[in-house]
Amino acid sequence: MIPLWMLGMQFLIWCMVSCTPSCKPSVDEMNASAYSFHYKDLDSTQFYAGKALRLATAEGYSAGCAEAMNHLAFVALAKMDYHQAYLLLDSVSHLTDNQVELLISDVQMMRLCQRESRNKEFYDYHEQALQRMHRIEEELSLLDEHLRWLKCRNVVLRDDDTRVLADVTTCLLSPLLDDEAAETTE
C-alpha cells in the first residue's frame, strides 16, 4: 500500500510537470469563463478566476495572473469588499506591464474611488486610464488575439465629472476592425 503522503507528492510533481507554457490557453480560457459570468453569477466568476490565478501563478504567466486578479477585484467590488478589491487592483499594477489589463485595473480603481468618495485619486486613475488608452491605440496592431478579445470586453470610461461609465472599446477597436475588413475584401 502506497502511503498517502507519497500520493500527494506524485500529484504535486504531476501538476508541476503538466503546467508548461502550453497551460497559457487554459488560463486564458478560464479567464474568459470568469468574464462570461460577471453579471450572471459572481461565485462562478470567483471560481474560474481563482483557478486561472493558481495556474497562471504556477506557470509564471503574469498577464494571466493580472487578468484573474481583475476578475477577482470585480467580484470584491460587487460584494462591497473594498479593501480586498484595492489589494487585488494594486497588485495588478505591480505584476504586469500589459496595458490592457492595467487599463481595466485603472477603471476598476476609478469605480472603487467613486464608491469611497476619494475624488482626487479618482482623477489620478482617470488620467492614467486616458494615457493607457492612447498607448493602446498607438500599439493596436501589435495586440495578439487574446488581447484583442480583452479589448472587446466592456472596458468603460467617460470624460465626465459626474459619471464614470461609457463604452470605449468600439472606438479603440474600430480602426483595427476596419483594417481587417479591408484586408479580407482585397
# chains A, B, ... in the order shown; residues from 1 in each chain; ligands from 1
>>> residues_around(residues="Asp43 (chain A)", least_positions_apart="2", cutoff="12 Å", atoms="only C-alpha atoms", output="list in words")
Ser33, Ala34, Tyr35, Ser36, Phe37, His38, Tyr39, Lys40, Asp41, Thr45, Gln46, Phe47, Tyr48, Ala49, Gly50, His71, Leu72, Phe74, Val75, Ala76, Ala78 and Lys79 of chain A
>>> closest_residue(among="A:Asp81, A:Glu67, A:Glu121, A:Glu29", to="Glu101 (chain A)", atoms="only C-alpha atoms")
A:Glu67
